[in-house]
Every structure is written in structure tokens, then in C-alpha cells.
>>> print(open('structure-v5.tsv').read())   # TSV, C-alpha atoms
chain	number	residue	atom	x	y	z
Z	1	MET	CA	-16.78	7.33	14.43
Z	2	ARG	CA	-15.99	5.69	17.75
Z	3	ARG	CA	-16.94	2.24	16.52
Z	4	ALA	CA	-14.84	2.65	13.37
Z	5	GLU	CA	-11.80	3.75	15.40
Z	6	LEU	CA	-12.09	0.74	17.70
Z	7	ILE	CA	-12.66	-1.74	14.86
Z	8	VAL	CA	-9.69	-0.43	12.88
Z	9	ALA	CA	-7.47	-0.60	15.97
Z	10	VAL	CA	-8.46	-4.25	16.52
Z	11	LEU	CA	-7.88	-5.10	12.84
Z	12	PHE	CA	-4.44	-3.47	12.89
Z	13	ALA	CA	-3.57	-5.30	16.12
Z	14	ALA	CA	-4.58	-8.64	14.55
Z	15	PHE	CA	-2.57	-7.84	11.40
Z	16	SER	CA	0.42	-6.89	13.56
Z	17	ILE	CA	0.29	-10.22	15.38
Z	18	TYR	CA	0.09	-12.01	12.03
Z	19	ILE	CA	3.16	-10.12	10.74
Z	20	MET	CA	5.07	-10.99	13.92
Z	21	TYR	CA	4.07	-14.65	13.58
Z	22	LEU	CA	5.23	-14.83	9.95
Z	23	ALA	CA	8.48	-12.99	10.72
Z	24	GLN	CA	9.60	-15.54	13.28
Z	25	LEU	CA	8.98	-18.62	11.10
Z	26	ALA	CA	12.04	-20.60	9.98
Z	27	PRO	CA	14.32	-19.80	8.20
Z	28	LEU	CA	13.78	-16.17	9.22
Z	29	GLU	CA	15.58	-15.00	12.32
Z	30	ILE	CA	14.35	-12.05	14.35
Z	31	GLY	CA	17.43	-11.70	16.51
Z	32	TRP	CA	21.03	-10.76	15.90
Z	33	VAL	CA	22.95	-13.14	13.66
Z	34	PRO	CA	26.64	-13.28	14.69
Z	35	GLN	CA	28.95	-11.68	12.12
Z	36	LYS	CA	25.98	-10.80	9.88
Z	37	GLY	CA	23.76	-8.40	11.76
Z	38	PRO	CA	20.00	-8.49	12.25
Z	39	GLY	CA	18.21	-11.55	10.94
Z	40	SER	CA	15.99	-11.38	7.89
Z	41	GLY	CA	12.87	-11.45	10.05
Z	42	ALA	CA	14.00	-8.73	12.44
Z	43	PHE	CA	12.59	-5.73	10.57
Z	44	PRO	CA	9.13	-7.23	9.92
Z	45	PHE	CA	8.91	-8.61	13.46
Z	46	TRP	CA	9.80	-5.36	15.20
Z	47	LEU	CA	7.67	-3.35	12.78
Z	48	GLY	CA	4.76	-5.64	13.68
Z	49	ALA	CA	5.54	-5.23	17.39
Z	50	ALA	CA	5.53	-1.42	17.06
Z	51	MET	CA	2.25	-1.57	15.13
Z	52	LEU	CA	0.75	-3.75	17.85
Z	53	VAL	CA	1.74	-1.33	20.62
Z	54	LEU	CA	0.34	1.62	18.67
Z	55	SER	CA	-2.86	-0.26	17.83
Z	56	VAL	CA	-3.43	-1.01	21.51
Z	57	ALA	CA	-2.78	2.66	22.34
Z	58	VAL	CA	-5.31	3.80	19.70
Z	59	PHE	CA	-7.87	1.32	21.04
Z	60	VAL	CA	-7.40	2.38	24.67
Z	61	ARG	CA	-7.57	6.09	23.81
Z	62	GLY	CA	-10.70	5.53	21.71
Z	63	TRP	CA	-12.34	3.33	24.36
Z	64	ARG	CA	-11.71	5.91	27.08
Z	65	GLY	CA	-12.98	8.74	24.86
Z	66	LEU	CA	-9.70	10.64	24.89
Z	67	THR	CA	-9.88	11.41	21.15
Z	68	LEU	CA	-12.42	13.43	19.21
Z	69	GLN	CA	-13.37	10.29	17.28
Z	70	GLY	CA	-13.70	8.35	20.53
Z	71	ARG	CA	-16.34	10.79	21.76
Z	72	SER	CA	-18.19	11.07	18.45
Z	73	THR	CA	-21.43	9.28	17.69
Z	74	ALA	CA	-21.47	10.44	14.06
Z	75	PRO	CA	-21.43	7.76	11.36
Z	76	PHE	CA	-18.04	6.90	9.90
Z	77	ILE	CA	-19.18	7.15	6.29
Z	78	ASP	CA	-21.92	9.48	5.17
Z	79	ARG	CA	-24.23	8.13	2.44
Z	80	ALA	CA	-23.07	10.91	0.12
Z	81	LEU	CA	-19.54	9.45	0.19
Z	82	LEU	CA	-20.57	5.96	-0.94
Z	83	PRO	CA	-20.51	6.66	-4.73
Z	84	PRO	CA	-16.94	8.06	-4.79
Z	85	ILE	CA	-15.76	5.25	-2.51
Z	86	ALA	CA	-17.39	2.66	-4.77
Z	87	LEU	CA	-15.81	4.24	-7.87
Z	88	THR	CA	-12.41	4.21	-6.18
Z	89	VAL	CA	-12.73	0.55	-5.22
Z	90	LEU	CA	-13.90	-0.36	-8.72
Z	91	GLY	CA	-10.99	1.60	-10.20
Z	92	ILE	CA	-8.51	-0.25	-8.01
Z	93	LEU	CA	-10.06	-3.60	-8.93
Z	94	ALA	CA	-9.88	-2.69	-12.63
Z	95	MET	CA	-6.23	-1.68	-12.21
Z	96	LEU	CA	-5.45	-5.01	-10.56
Z	97	ALA	CA	-7.30	-6.89	-13.29
Z	98	ILE	CA	-5.44	-5.23	-16.16
Z	99	THR	CA	-2.06	-5.42	-14.41
Z	100	HIS	CA	-1.76	-9.09	-15.38
Z	101	TRP	CA	-2.50	-8.35	-19.02
Z	102	LEU	CA	-0.92	-4.93	-19.67
Z	103	GLY	CA	1.49	-4.78	-16.75
Z	104	ALA	CA	1.85	-2.52	-13.74
Z	105	TYR	CA	3.47	0.30	-15.70
Z	106	VAL	CA	0.39	0.69	-17.88
Z	107	ALA	CA	-2.24	-0.09	-15.23
Z	108	ILE	CA	-0.89	2.41	-12.68
Z	109	PRO	CA	-0.97	5.45	-15.00
Z	110	LEU	CA	-4.43	4.48	-16.26
Z	111	PHE	CA	-5.70	4.32	-12.68
Z	112	LEU	CA	-4.05	7.63	-11.82
Z	113	ILE	CA	-5.64	9.31	-14.84
Z	114	PHE	CA	-9.05	7.93	-13.86
Z	115	TYR	CA	-8.65	8.90	-10.22
Z	116	ILE	CA	-6.95	12.28	-10.48
Z	117	ARG	CA	-8.73	13.67	-13.56
Z	118	PHE	CA	-12.16	12.09	-13.48
Z	119	LEU	CA	-12.78	11.57	-9.78
Z	120	GLY	CA	-10.58	14.38	-8.49
Z	121	GLY	CA	-11.34	16.92	-11.20
Z	122	ARG	CA	-7.75	18.12	-11.48
Z	123	SER	CA	-6.27	19.64	-14.64
Z	124	TRP	CA	-4.86	17.53	-17.44
Z	125	VAL	CA	-1.40	18.98	-16.82
Z	126	THR	CA	-1.38	17.85	-13.19
Z	127	THR	CA	-2.95	14.51	-14.06
Z	128	LEU	CA	-0.52	13.64	-16.85
Z	129	LEU	CA	2.50	14.85	-14.91
Z	130	ILE	CA	1.68	12.59	-11.97
Z	131	ALA	CA	0.54	9.69	-14.19
Z	132	LEU	CA	3.80	9.73	-16.17
Z	133	VAL	CA	6.29	10.43	-13.37
Z	134	THR	CA	4.88	7.87	-10.91
Z	135	PRO	CA	5.63	4.72	-12.99
Z	136	VAL	CA	9.14	5.98	-13.73
Z	137	VAL	CA	9.83	6.49	-10.02
Z	138	ILE	CA	8.29	3.10	-9.20
Z	139	PHE	CA	10.43	1.43	-11.89
Z	140	LEU	CA	13.64	3.04	-10.66
Z	141	PHE	CA	12.87	2.23	-7.03
Z	142	PHE	CA	11.66	-1.35	-7.35
Z	143	GLU	CA	13.48	-2.66	-10.39
Z	144	GLY	CA	16.53	-0.44	-10.38
Z	145	GLY	CA	17.19	-0.11	-6.68
Z	146	MET	CA	15.49	-3.04	-4.99
Z	147	LYS	CA	15.84	-5.56	-7.88
Z	148	ILE	CA	12.16	-6.49	-7.51
Z	149	LEU	CA	10.52	-7.10	-10.87
Z	150	LEU	CA	6.92	-5.96	-11.21
Z	151	PRO	CA	4.50	-7.61	-13.66
Z	152	LYS	CA	4.71	-6.22	-17.18
Z	153	GLY	CA	2.28	-8.40	-19.12
Z	154	ILE	CA	2.44	-7.97	-22.88
Z	155	THR	CA	4.58	-4.82	-22.50
Z	156	GLU	CA	7.61	-6.72	-21.19
Z	157	PRO	CA	9.59	-6.61	-24.48
Z	158	LEU	CA	9.53	-2.81	-24.24
Z	159	PHE	CA	11.54	-3.05	-21.01
Z	160	PHE	CA	14.45	-5.13	-22.34
Z	161	PRO	CA	16.52	-2.03	-23.28
Z	162	LEU	CA	15.82	-0.51	-19.84
Z	163	TYR	CA	17.06	-3.64	-18.11
Z	164	LYS	CA	20.44	-3.18	-19.76
Z	165	LEU	CA	20.61	0.46	-18.69
Z	166	VAL	CA	19.13	0.45	-15.21
Z	167	VAL	CA	18.47	-2.91	-13.68
Z	168	TYR	CA	21.34	-5.24	-14.51
>>> encode(input="structure-v5.tsv", output="C-alpha cells")
Amino acid sequence: MRRAELIVAVLFAAFSIYIMYLAQLAPLEIGWVPQKGPGSGAFPFWLGAAMLVLSVAVFVRGWRGLTLQGRSTAPFIDRALLPPIALTVLGILAMLAITHWLGAYVAIPLFLIFYIRFLGGRSWVTTLLIALVTPVVIFLFFEGGMKILLPKGITEPLFFPLYKLVVY
């Protein structure tokens, strides 16, 4: 466990530095833009900076053995957990593969059905409720609120009426 905690802290620190580097590239500004407010790179830069500080804190605490994980010599992943982890990774890869063809709003519910019902063993009512509500919420948030279009593949013509109602 200790090794995993330290490795993850280092990876998050490296990712934080990368985010900060990208956020300060032109034309993004990380400072205050007169008469406009914070620059477009300010949020990612300062989020990266906060992540870096917290990653260093996690590393130091783990290195000094101040956490339970930092004192543990147990393995991070037990061999019994490898099959469900592998199935989850394969499910995510399958979802990503079919997103291009069928679109995100078909791939996401299919993954949720696979994960919640077949890997999680939950009831069909719970599974279908989550699998049907999640894409609706994602659509309203990303396409309705944020104006970020997600891939729809061959299902895109089905969304044309929704664009008139929600998006534009």
C-alpha cells in the first residue's frame, strides 16, 4: 500500500505540473485581465497548483508513515481483485470503442448496464433507472448548459429535435 500511495502522489504531482504548463501557454492568461476578470487559463493553472500542493502533502505524509497506508506493507491489489478490475477496464475500452459508432448517449447506458447489473449484481430497476437518467443529465449539462457537443455517431439525427428544444 505504501508504494502505491507514493507512486500515485508522484503521478498526480507530474500531472499537476503538466496542467499548469498547458494553462500558461499563449493565448491563455493565468492572471487578471483588466475589465474582463480572470484569464482563460486561470482556473486550470490554479487547480493544477492546488493539486500539486496536495500531491506533495500526500507524498510527504506517506513517506513519513503518518497514514495507515504509509505504514502498510500489504499489497495494493489482491490477486482476487484482478478479474473484476480487468472486466471493468475491458468494459470501459468497449464503451470508448462504440462511442464513435453509436455515440456517447448509447455507449454510456450500455456500459452502466454491464457494470451495475452484471458486475455489481444490482437489481434491474436500479440498473435501468441509473442507465436511463445518467445520459439525460449528461446531455442537459454538457449540451444544454455548457454548449459542448458529445459524439453521437449514427444516432445524431435523433438529436435534431432536442437541439431545437434544449441546446440552441
>>> closest_residue(input="structure-v5.tsv", among="Z:Lys36, Z:Met95, Z:Pro109, Z:Glu5", to="Z:Phe76", atoms="only C-alpha atoms")
Z:Glu5
>>> atom_distance(input="structure-v5.tsv", atom1="atom CA of Z:Ala13", atom2="atom CA of Z:Trp46")
13.4 Å
>>> closest_residue(input="structure-v5.tsv", among="Z:Val106, Z:Ala57, Z:Met146, Z:Leu119", to="Z:Leu158", atoms="all atoms listed in the file")
Z:Val106
>>> atom_distance(input="structure-v5.tsv", atom1="atom CA of Z:Leu6", atom2="atom CA of Z:Phe59")
5.4 Å
>>> residues_around(input="structure-v5.tsv", residues="Z:Thr73", least_positions_apart="4", cutoff="10 Å", atoms="all atoms listed in the file", output="JSON list (two decimals) with C-alpha atoms, in the coordinates of the input")
[["chain", "number", "residue", "atom", "x", "y", "z"],
["Z", 1, "MET", "CA", -16.78, 7.33, 14.43],
["Z", 2, "ARG", "CA", -15.99, 5.69, 17.75],
["Z", 3, "ARG", "CA", -16.94, 2.24, 16.52],
["Z", 69, "GLN", "CA", -13.37, 10.29, 17.28]]
>>> atom_distance(input="structure-v5.tsv", atom1="atom CA of Z:Gly121", atom2="atom CA of Z:Phe139")
26.7 Å
>>> residues_around(input="structure-v5.tsv", residues="stretch 15-21 of chain Z", least_positions_apart="3", cutoff="12 Å", atoms="only C-alpha atoms", output="list in words")
Val8, Ala9, Val10, Leu11, Phe12, Gln24, Leu25, Ala26, Leu28, Glu29, Ile30, Gly41, Ala42, Phe43, Pro44, Phe45, Trp46, Leu47, Gly48, Ala49, Ala50, Met51, Leu52, Val53, Leu54, Ser55 and Val56 of chain Z
>>> closest_residue(input="structure-v5.tsv", among="Z:Gly62, Z:Ile113, Z:Ile92, Z:Leu162", to="Z:Val136", atoms="only C-alpha atoms")
Z:Leu162
>>> residues_around(input="structure-v5.tsv", residues="Z:His100", least_positions_apart="5", cutoff="10 Å", atoms="all atoms listed in the file", output="ChimeraX atom specification")
/Z:95,107,151-154
>>> axis_aligned_box(input="structure-v5.tsv", around="stretch 158-161 of chain Z", padding_each_side="6 Å", output="JSON")
{"center_x": 13.0, "center_y": -3.6, "center_z": -22.6, "size_x": 19.0, "size_y": 15.1, "size_z": 15.2}
>>> closest_residue(input="structure-v5.tsv", among="Z:Val58, Z:Leu87, Z:Leu112, Z:Tyr105", to="Z:Phe159", atoms="all atoms listed in the file")
Z:Tyr105
>>> residues_around(input="structure-v5.tsv", residues="Z:Phe118", least_positions_apart="5", cutoff="12 Å", atoms="only C-alpha atoms", output="ChimeraX atom specification")
/Z:84,87-88,91,110-113,123-124,127
>>> build_atoms(input="structure-v5.tsv", residues="stretch 57-78 of chain Z", atoms="N, CA, C and O atoms", output="PDB file, in the coordinates of the input")
ATOM      1  N   ALA Z  57      -2.655   1.286  21.836  1.00  0.00           N
ATOM      2  CA  ALA Z  57      -2.780   2.660  22.340  1.00  0.00           C
ATOM      3  C   ALA Z  57      -3.971   3.368  21.693  1.00  0.00           C
ATOM      4  O   ALA Z  57      -4.728   4.068  22.383  1.00  0.00           O
ATOM      5  N   VAL Z  58      -4.161   3.187  20.387  1.00  0.00           N
ATOM      6  CA  VAL Z  58      -5.310   3.800  19.700  1.00  0.00           C
ATOM      7  C   VAL Z  58      -6.611   3.252  20.275  1.00  0.00           C
ATOM      8  O   VAL Z  58      -7.560   3.992  20.531  1.00  0.00           O
ATOM      9  N   PHE Z  59      -6.662   1.935  20.495  1.00  0.00           N
ATOM     10  CA  PHE Z  59      -7.870   1.320  21.040  1.00  0.00           C
ATOM     11  C   PHE Z  59      -8.181   1.871  22.434  1.00  0.00           C
ATOM     12  O   PHE Z  59      -9.322   2.250  22.715  1.00  0.00           O
ATOM     13  N   VAL Z  60      -7.181   1.913  23.287  1.00  0.00           N
ATOM     14  CA  VAL Z  60      -7.400   2.380  24.670  1.00  0.00           C
ATOM     15  C   VAL Z  60      -7.846   3.836  24.665  1.00  0.00           C
ATOM     16  O   VAL Z  60      -8.803   4.206  25.371  1.00  0.00           O
ATOM     17  N   ARG Z  61      -7.187   4.677  23.867  1.00  0.00           N
ATOM     18  CA  ARG Z  61      -7.570   6.090  23.810  1.00  0.00           C
ATOM     19  C   ARG Z  61      -8.993   6.250  23.278  1.00  0.00           C
ATOM     20  O   ARG Z  61      -9.768   7.066  23.769  1.00  0.00           O
ATOM     21  N   GLY Z  62      -9.345   5.455  22.262  1.00  0.00           N
ATOM     22  CA  GLY Z  62     -10.700   5.530  21.710  1.00  0.00           C
ATOM     23  C   GLY Z  62     -11.730   5.015  22.695  1.00  0.00           C
ATOM     24  O   GLY Z  62     -12.817   5.579  22.834  1.00  0.00           O
ATOM     25  N   TRP Z  63     -11.419   3.931  23.387  1.00  0.00           N
ATOM     26  CA  TRP Z  63     -12.340   3.330  24.360  1.00  0.00           C
ATOM     27  C   TRP Z  63     -12.620   4.292  25.524  1.00  0.00           C
ATOM     28  O   TRP Z  63     -13.747   4.405  25.988  1.00  0.00           O
ATOM     29  N   ARG Z  64     -11.555   4.982  25.954  1.00  0.00           N
ATOM     30  CA  ARG Z  64     -11.710   5.910  27.080  1.00  0.00           C
ATOM     31  C   ARG Z  64     -12.265   7.263  26.651  1.00  0.00           C
ATOM     32  O   ARG Z  64     -12.530   8.120  27.496  1.00  0.00           O
ATOM     33  N   GLY Z  65     -12.427   7.470  25.344  1.00  0.00           N
ATOM     34  CA  GLY Z  65     -12.980   8.740  24.860  1.00  0.00           C
ATOM     35  C   GLY Z  65     -12.006   9.885  24.918  1.00  0.00           C
ATOM     36  O   GLY Z  65     -12.406  11.038  25.045  1.00  0.00           O
ATOM     37  N   LEU Z  66     -10.713   9.602  24.814  1.00  0.00           N
ATOM     38  CA  LEU Z  66      -9.700  10.640  24.890  1.00  0.00           C
ATOM     39  C   LEU Z  66      -9.476  11.349  23.555  1.00  0.00           C
ATOM     40  O   LEU Z  66      -8.800  12.364  23.501  1.00  0.00           O
ATOM     41  N   THR Z  67     -10.023  10.792  22.466  1.00  0.00           N
ATOM     42  CA  THR Z  67      -9.880  11.410  21.150  1.00  0.00           C
ATOM     43  C   THR Z  67     -11.225  11.970  20.712  1.00  0.00           C
ATOM     44  O   THR Z  67     -12.281  11.566  21.204  1.00  0.00           O
ATOM     45  N   LEU Z  68     -11.191  12.870  19.758  1.00  0.00           N
ATOM     46  CA  LEU Z  68     -12.420  13.430  19.210  1.00  0.00           C
ATOM     47  C   LEU Z  68     -13.278  12.330  18.603  1.00  0.00           C
ATOM     48  O   LEU Z  68     -14.491  12.295  18.804  1.00  0.00           O
ATOM     49  N   GLN Z  69     -12.633  11.398  17.879  1.00  0.00           N
ATOM     50  CA  GLN Z  69     -13.370  10.290  17.280  1.00  0.00           C
ATOM     51  C   GLN Z  69     -13.953   9.372  18.349  1.00  0.00           C
ATOM     52  O   GLN Z  69     -15.028   8.803  18.172  1.00  0.00           O
ATOM     53  N   GLY Z  70     -13.235   9.209  19.448  1.00  0.00           N
ATOM     54  CA  GLY Z  70     -13.700   8.350  20.530  1.00  0.00           C
ATOM     55  C   GLY Z  70     -14.924   8.885  21.243  1.00  0.00           C
ATOM     56  O   GLY Z  70     -15.653   8.134  21.879  1.00  0.00           O
ATOM     57  N   ARG Z  71     -15.163  10.178  21.131  1.00  0.00           N
ATOM     58  CA  ARG Z  71     -16.340  10.790  21.760  1.00  0.00           C
ATOM     59  C   ARG Z  71     -17.479  11.001  20.760  1.00  0.00           C
ATOM     60  O   ARG Z  71     -18.579  11.350  21.148  1.00  0.00           O
ATOM     61  N   SER Z  72     -17.207  10.783  19.486  1.00  0.00           N
ATOM     62  CA  SER Z  72     -18.190  11.070  18.450  1.00  0.00           C
ATOM     63  C   SER Z  72     -19.170   9.917  18.256  1.00  0.00           C
ATOM     64  O   SER Z  72     -18.798   8.750  18.300  1.00  0.00           O
ATOM     65  N   THR Z  73     -20.406  10.280  18.020  1.00  0.00           N
ATOM     66  CA  THR Z  73     -21.430   9.280  17.690  1.00  0.00           C
ATOM     67  C   THR Z  73     -21.825   9.394  16.227  1.00  0.00           C
ATOM     68  O   THR Z  73     -22.740   8.700  15.778  1.00  0.00           O
ATOM     69  N   ALA Z  74     -21.161  10.263  15.480  1.00  0.00           N
ATOM     70  CA  ALA Z  74     -21.470  10.440  14.060  1.00  0.00           C
ATOM     71  C   ALA Z  74     -21.098   9.179  13.278  1.00  0.00           C
ATOM     72  O   ALA Z  74     -20.175   8.452  13.661  1.00  0.00           O
ATOM     73  N   PRO Z  75     -21.789   8.927  12.171  1.00  0.00           N
ATOM     74  CA  PRO Z  75     -21.430   7.760  11.360  1.00  0.00           C
ATOM     75  C   PRO Z  75     -20.061   7.956  10.718  1.00  0.00           C
ATOM     76  O   PRO Z  75     -19.651   9.081  10.426  1.00  0.00           O
ATOM     77  N   PHE Z  76     -19.381   6.844  10.492  1.00  0.00           N
ATOM     78  CA  PHE Z  76     -18.040   6.900   9.900  1.00  0.00           C
ATOM     79  C   PHE Z  76     -18.091   7.350   8.448  1.00  0.00           C
ATOM     80  O   PHE Z  76     -17.300   8.163   8.013  1.00  0.00           O
ATOM     81  N   ILE Z  77     -19.045   6.800   7.699  1.00  0.00           N
ATOM     82  CA  ILE Z  77     -19.180   7.150   6.290  1.00  0.00           C
ATOM     83  C   ILE Z  77     -20.582   7.678   6.054  1.00  0.00           C
ATOM     84  O   ILE Z  77     -21.567   7.011   6.336  1.00  0.00           O
ATOM     85  N   ASP Z  78     -20.641   8.879   5.531  1.00  0.00           N
ATOM     86  CA  ASP Z  78     -21.920   9.480   5.170  1.00  0.00           C
ATOM     87  C   ASP Z  78     -22.391   8.852   3.852  1.00  0.00           C
ATOM     88  O   ASP Z  78     -21.593   8.480   3.006  1.00  0.00           O
TER      89      ASP Z  78
END
